[in-house]
Amino acid sequence: MSTWFIIFGVIYIIILAFIGLRSWQRTKSAEDYILGGSRLGTLIGMMTFAATLFSTFTLMGMPDFFRTHGIGAWIFLAISDAAMFFFILWFGYHLRKRAREGSYQGVAGLMSNLYKTKWAGYVYFVGVFLFLVPYVAIQIRGIAIFLNAVFPEALPAWGWSTLIVVLMLSYSEIGGLRAIIYNDVIQGTILLLVLWVIAIGCVQSFGSVSNLFAEVKAFNPELLSVPGPQGLLTTQFLFASFLAIVLIPVTQPQVTTRLVIMRSNKTLHSMAVGLGIFAFLVLLPTIAIGLYGALNYTGNTSSEFLSGVLLYEQLDWIAAIVIIGLLAAATSTADSQIFALGSELRSMLKVKEEHKMKYTRFTILFFAVAALVFSVLSSDQLVLLARVSFAGTSILAPLILSGIFHKKQPPVWILPFTALGVGLFILSLTGIIPSTYSGIRLEILILFTLFSLMALSFFRKK
Amino acid sequence: MKKIKHKSWKVICITAIILAIVTFTPLVIPYSQSRPMLGNLPYTLWMGILIYIILVILTFIGTRVYPDNDKSTDS
């Protein structure tokens, strides 16, 4: 496997270098660097959106989630994703309309302009910073731990983390968003191919899909219903996750920006449909891999299961592609988020045109280092930490939706309430205050309150 | 034509919202129930897959009937 890994690794690095260089040559201005030319077609738009969304979280997290919690994981992610793609039709149109009214540089800048106060940008930025940096960190950590388990002699986990960050910075600093988008296309393609090759192998070992489910039923029937063997996937958990995931295009800047830089509303809408098909093809094989793991890796750790099913059971060259796919997945999600954080911070600063690119590059470097430090310190629960990130950023949704949908100036009083909501959610995560009240999860209560306030602001205007 | 588009878009939106809400009721996720099965596929899974497909179809129809698409906010 090592020989194949070196061969594919060298090919991948050459492609990345080519992408970085080519994007650098095509970058004519700071806006070009930050927004990648703002003319994405349906296919490229779909692949970059999908790669930003489906990361190591999908390749490693979802099979393990199906293995541990059973088929309820489909409701957890797939249904939420499908609803999100529908939501893009409506939200994407209105977001683009607002973005075209001024010079869009990032969501924080847009909010500052719409609310006519910098505080709107600050509240948004602090919110995404607090919840995105840990999410980037777990992407990096997930792969680093995995690679350390597979190649224990080569590098320690923090060494792999550093390598991933350096790899990511090397092309995104040079080529900007355009380079990131092309890397996303490579990652999306590898992800899809690898998942299907592995899933087909898993199903074949049982003869058919039907046999696989029959075996699971005989082994542990709780895997075939909600809330699953560990009781995690309750209606409330699934619904809270649904809200958090559907609101991703509103609250996660790397996703929001991709909606803005589509060529036209028509390509945006075609992309939403394409995403529905792509996500289906990506998520379906994770069921088979996960249930195969439930039967063959009972009692094993996540790392043992993933290294077994993704690498050791595969032909050497496939295993090598899987590792490259994992590296691509980690870098493509992390670079989009770090780049978005850099662009968001810069969108709030008044910087001379000639210094914009320099500032953006510096902020990207700063956030990459922050994510690297956090990755060394964070926990290993990929899916659950990702969910916390989605839930945390979803608290910002009423602020953004208010900004976009109020025809005149939106009410600024929503800003302190949003900041309070973010603060309370963080306090609940640290255990200082309870995370449920009368059996209802705090994030649902916060979202309900903020959305009610938002609705009230529209009602009062009328 | 514009009125028809507005109406169709509203119908599509309402259908998608109802579908999403129904997903979180015992109609789709009954507690600890895997029957009725479809070719050994547990109920929640095949219903979930069906709902996913319907949502994607609704998204596709939505792109055709979206009322404001004629107005230009294109770059």
# chains A, B, ... in the order shown; residues from 1 in each chain; ligands from 1
>>> interface_residues(of="chain B", to="chain A", cutoff="7 Å", atoms="only C-alpha atoms", output="PyMOL selection string")
chain B and resi 24+29+31-34+39-42+44-45+48+52+55-56+59-60+63+69+73-75
>>> select_by_dssp(residues="chain B", states="helix (DSSP H, G or I)", output="VMD selection string")
chain B and resid 2 to 23 43 to 65 67 to 70
>>> residues_around(residues="Leu27 of chain B", least_positions_apart="5", cutoff="10 Å", atoms="only C-alpha atoms", output="PyMOL selection string")
chain B and resi 22+43-44+47
>>> closest_atom_pairs(of="segment 309-384 of chain A", to="segment 114-135 of chain A", cutoff="12 Å", atoms="only C-alpha atoms", output="tab-separated table")
residue	atom	partner	partner_atom	distance
A:Ala330	CA	A:Tyr135	CA	10.9
A:Thr333	CA	A:Tyr135	CA	9.6
A:Ala334	CA	A:Tyr135	CA	8.3
A:Asp335	CA	A:Val133	CA	11.2
A:Ser336	CA	A:Leu132	CA	10.8
A:Gln337	CA	A:Leu132	CA	7.1
A:Ile338	CA	A:Val133	CA	7.8
A:Phe339	CA	A:Leu132	CA	11.3
A:Ala340	CA	A:Val128	CA	9.8
A:Leu341	CA	A:Phe129	CA	7.0
A:Gly342	CA	A:Phe129	CA	10.0
A:Ser343	CA	A:Phe125	CA	10.5
A:Glu344	CA	A:Phe125	CA	7.0
A:Leu345	CA	A:Phe125	CA	7.0
A:Arg346	CA	A:Phe125	CA	10.5
A:Ser347	CA	A:Gly121	CA	8.9
A:Met348	CA	A:Gly121	CA	6.7
A:Leu349	CA	A:Lys118	CA	9.8
A:Lys350	CA	A:Lys118	CA	11.3
A:Ile364	CA	A:Val133	CA	11.7
A:Phe366	CA	A:Val133	CA	11.1
A:Phe367	CA	A:Val133	CA	7.5
A:Ala368	CA	A:Val133	CA	8.7
A:Val369	CA	A:Val133	CA	10.1
A:Ala370	CA	A:Val133	CA	7.2
A:Ala371	CA	A:Val133	CA	5.4
A:Leu372	CA	A:Val133	CA	9.1
A:Val373	CA	A:Pro134	CA	9.9
A:Phe374	CA	A:Pro134	CA	6.5
A:Ser375	CA	A:Pro134	CA	7.4
A:Val376	CA	A:Pro134	CA	10.7
A:Leu377	CA	A:Pro134	CA	9.8
A:Ser378	CA	A:Pro134	CA	7.6
A:Ser379	CA	A:Pro134	CA	9.8
A:Asp380	CA	A:Tyr135	CA	11.4
A:Gln381	CA	A:Tyr135	CA	11.0
A:Leu382	CA	A:Tyr135	CA	8.8
A:Val383	CA	A:Tyr135	CA	9.9
A:Leu384	CA	A:Tyr135	CA	10.3
>>> write_last_selection(atoms="N, CA and C atoms", output="compact mmCIF listing (two decimals), in the first residue's frame")
# COMPACT_ATOMS: atom_id res chain seq x y z
N ALA A 330 -10.40 16.24 3.91
CA ALA A 330 -10.04 17.09 5.06
C ALA A 330 -9.59 18.46 4.59
N THR A 333 -12.59 20.69 2.90
CA THR A 333 -13.57 21.28 3.82
C THR A 333 -12.90 22.33 4.69
N ALA A 334 -11.73 21.97 5.21
CA ALA A 334 -11.03 22.90 6.10
C ALA A 334 -10.62 24.18 5.36
N ASP A 335 -10.11 24.03 4.12
CA ASP A 335 -9.65 25.25 3.42
C ASP A 335 -10.83 26.18 3.13
N SER A 336 -11.99 25.60 2.76
CA SER A 336 -13.16 26.45 2.48
C SER A 336 -13.55 27.25 3.70
N GLN A 337 -13.53 26.59 4.86
CA GLN A 337 -13.96 27.26 6.08
C GLN A 337 -12.95 28.30 6.54
N ILE A 338 -11.67 27.93 6.47
CA ILE A 338 -10.64 28.88 6.89
C ILE A 338 -10.62 30.07 5.95
N PHE A 339 -10.74 29.79 4.66
CA PHE A 339 -10.77 30.87 3.67
C PHE A 339 -11.97 31.78 3.93
N ALA A 340 -13.12 31.15 4.24
CA ALA A 340 -14.33 31.94 4.51
C ALA A 340 -14.14 32.81 5.74
N LEU A 341 -13.53 32.24 6.80
CA LEU A 341 -13.29 33.04 8.01
C LEU A 341 -12.39 34.23 7.70
N GLY A 342 -11.35 33.98 6.91
CA GLY A 342 -10.43 35.05 6.52
C GLY A 342 -11.16 36.13 5.74
N SER A 343 -11.98 35.70 4.77
CA SER A 343 -12.72 36.66 3.94
C SER A 343 -13.72 37.44 4.78
N GLU A 344 -14.37 36.74 5.73
CA GLU A 344 -15.36 37.41 6.58
C GLU A 344 -14.73 38.51 7.43
N LEU A 345 -13.59 38.18 8.03
CA LEU A 345 -12.91 39.17 8.87
C LEU A 345 -12.51 40.37 8.02
N ARG A 346 -11.96 40.07 6.85
CA ARG A 346 -11.51 41.15 5.98
C ARG A 346 -12.68 41.99 5.46
N SER A 347 -13.84 41.34 5.27
CA SER A 347 -14.99 42.07 4.74
C SER A 347 -15.46 43.17 5.70
N MET A 348 -15.05 43.06 6.97
CA MET A 348 -15.46 44.08 7.95
C MET A 348 -14.42 45.18 8.09
N LEU A 349 -13.22 44.92 7.57
CA LEU A 349 -12.15 45.91 7.73
C LEU A 349 -12.14 46.86 6.54
N LYS A 350 -11.89 48.09 6.82
CA LYS A 350 -11.72 49.07 5.73
C LYS A 350 -10.25 49.00 5.30
N ILE A 364 -6.11 34.24 6.70
CA ILE A 364 -6.24 32.80 6.45
C ILE A 364 -5.16 32.04 7.22
N PHE A 366 -3.68 33.00 9.91
CA PHE A 366 -4.00 33.09 11.33
C PHE A 366 -5.03 32.01 11.73
N PHE A 367 -6.11 31.90 10.93
CA PHE A 367 -7.16 30.94 11.28
C PHE A 367 -6.69 29.50 11.09
N ALA A 368 -5.80 29.28 10.12
CA ALA A 368 -5.26 27.93 9.90
C ALA A 368 -4.46 27.49 11.12
N VAL A 369 -3.67 28.42 11.67
CA VAL A 369 -2.87 28.10 12.87
C VAL A 369 -3.81 27.84 14.05
N ALA A 370 -4.86 28.68 14.18
CA ALA A 370 -5.84 28.50 15.28
C ALA A 370 -6.48 27.11 15.17
N ALA A 371 -6.87 26.71 13.96
CA ALA A 371 -7.51 25.40 13.76
C ALA A 371 -6.53 24.27 14.07
N LEU A 372 -5.28 24.47 13.69
CA LEU A 372 -4.25 23.45 13.95
C LEU A 372 -4.08 23.24 15.46
N VAL A 373 -4.00 24.35 16.20
CA VAL A 373 -3.84 24.26 17.66
C VAL A 373 -5.05 23.54 18.26
N PHE A 374 -6.24 23.92 17.82
CA PHE A 374 -7.46 23.31 18.36
C PHE A 374 -7.53 21.82 17.99
N SER A 375 -7.03 21.47 16.81
CA SER A 375 -7.11 20.07 16.36
C SER A 375 -6.28 19.15 17.26
N VAL A 376 -5.20 19.70 17.80
CA VAL A 376 -4.36 18.91 18.70
C VAL A 376 -5.08 18.69 20.04
N LEU A 377 -5.97 19.63 20.38
CA LEU A 377 -6.62 19.58 21.69
C LEU A 377 -8.02 18.97 21.70
N SER A 378 -8.67 18.85 20.49
CA SER A 378 -10.10 18.50 20.48
C SER A 378 -10.38 17.01 20.68
N SER A 379 -11.66 16.68 20.81
CA SER A 379 -12.08 15.28 21.03
C SER A 379 -12.24 14.55 19.70
N ASP A 380 -12.54 13.24 19.75
CA ASP A 380 -12.58 12.43 18.53
C ASP A 380 -13.98 12.21 17.98
N GLN A 381 -15.00 12.77 18.63
CA GLN A 381 -16.38 12.49 18.21
C GLN A 381 -16.76 13.34 16.99
N LEU A 382 -16.39 12.82 15.81
CA LEU A 382 -16.55 13.60 14.57
C LEU A 382 -17.96 14.11 14.33
N VAL A 383 -18.91 13.18 14.29
CA VAL A 383 -20.27 13.56 13.90
C VAL A 383 -20.90 14.47 14.96
N LEU A 384 -20.72 14.12 16.23
CA LEU A 384 -21.38 14.90 17.28
C LEU A 384 -20.78 16.31 17.39
>>> select_by_dssp(residues="segment 232-447 of chain A", states="strand (DSSP E or B)", output="PyMOL selection string")
chain A and resi 262+436-437+440-441
>>> residues_around(residues="Thr68 of chain A", least_positions_apart="6", cutoff="10 Å", atoms="only C-alpha atoms", output="ChimeraX atom specification")
/A:62,223,228-230,232,290-291,293-294,298-299,302
